[in-house]
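Asker: The structure is given below, and queries will be raised subsequently.
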Amino acid sequence: GWEDYYFNMTDLSQIANIAYARNQHVDYARLNGVAYGSHKGPEATYNKMYILQRLMAANKVAQAQNKPGDIYDAVLILDSDALIVDLDFDALELLPENILLSAQKVKTSHGNTTWNVNAGVMLWNLLHPELRKVVLKWEKLCLEKMARRGGVSDQRELQKVLRYDYSAQDRIDLGVVWALDTLHFRYSRATFVKHFIRKGKDMPAKWHTRHGTYATPNQDRVDKIQNQVQEVCQQWPTACVSSEEK
């Protein structure tokens, strides 16, 4: 089934991602299931908002209990088809202290503060003053989309928040977004997080609309991820463990 396709994909990609967490001495978490909606499949994409809200709540408790060591300062959220390929690179180098969100720009011609970013690989500053506003509005738009059966993608709704709730100058002045034009998140060419996005026959028709079709599970994407994980584990063998051994 669909859920088996993405579960299997995550079983592979998490090997490299757990290895990164171990190498960098940071926490790793995998969220199974669906936080919003009624299906077991692609609606799991909306889990990103749930993860951010859980982290905001955890930080609030840590602050109330005066436990600064328990406060999370940032989170790197990855789709099932994304994996870290450089275990030595510090992700925080891509997130300036004044920036809320770092992500890959969709169009290279756009500037570094564009609203047009990819939501499959995102680095969030959990201490940024605009975090709550952005996440709650993003959630609101996605819940409205689900209610009208408007498709199964959260990316466009995040883009709407960045585009319409903030002017171009606001995005600069408030440090809302930093759209990367380096190779760090550049999809399958990336040097830090490779993202094997849907292409060709993997790409569903009208993904964002209520009449959209789901992508057909394609073994080619899984094979690419598996090969990339093998390369990572060959380079960092002591950090890699299988999902069964973790």
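Identifiers for the structure tokens are assigned positionally: chains receive A, B, ... in sequence, residues are indexed from 1 per chain, and ligands are indexed from 1 in the order shown.
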Among region 40-73 of chain A, which ones does DSSP place in helix (DSSP H, G or I), written as an MDAnalysis selection string?

Answerer: chainID A and resid 42:64 68:70

Asker: Using only C-alpha atoms, tabulate the residues of region 52-130 of chain A lying at most 12 Å from any atom of region 221-240 of chain A, each with its closest atom pair and that distance in Å to one decimal, by chain and increasing residue number, as CSV.

Answerer:
```
residue,atom,partner,partner_atom,distance
A:Ser80,CA,A:Ile225,CA,9.9
A:Asp81,CA,A:Ile225,CA,7.3
A:Ala82,CA,A:Ile225,CA,8.1
A:Leu83,CA,A:Ile225,CA,7.8
A:Ile84,CA,A:Val232,CA,8.4
A:Val85,CA,A:Val232,CA,5.8
A:Asp86,CA,A:Val232,CA,7.5
A:Leu87,CA,A:Trp236,CA,7.6
A:Asp88,CA,A:Trp236,CA,9.4
```

Asker: With C-alpha atoms retained, could you export that selection as a CSV table (one decimal), in the first residue's frame?

Answerer:
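Listed below is the output, selection-v4.csv:
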```
chain,number,residue,atom,x,y,z
A,80,SER,CA,10.7,10.3,3.8
A,81,ASP,CA,12.6,10.7,0.5
A,82,ALA,CA,15.3,13.0,2.0
A,83,LEU,CA,18.5,11.9,3.7
A,84,ILE,CA,21.6,13.5,5.1
A,85,VAL,CA,24.8,12.6,3.1
A,86,ASP,CA,27.4,14.6,5.0
A,87,LEU,CA,27.6,13.5,8.6
A,88,ASP,CA,30.3,16.0,9.5
```

Asker: What separation in Å, quoted to one decimal, exists between CA of Asp181 (chain A) and CA of Gly111 (chain A)?

Answerer: 8.6 Å

Asker: Which is closer to Tyr72 (chain A) than all the others in A:Asp165, A:Asp27, A:Glu144, A:Asp173, using only C-alpha atoms?

Answerer: A:Asp27

Asker: Smallest atom-to-atom distance to Glu157 (chain A): which of A:Ile18, A:Val117, A:Val75, A:Val193, using only C-alpha atoms?

Answerer: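 With only C-alpha atoms as the atom set, the closest residue is A:Val117.
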
Asker: So, counting only C-alpha atoms, which residue among A:Val106, A:Leu123, A:Met9, A:Ile15 is closest to Leu52 (chain A)?

Answerer: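 Counting only C-alpha atoms, the residue closest to Leu52 (chain A) is A:Leu123.
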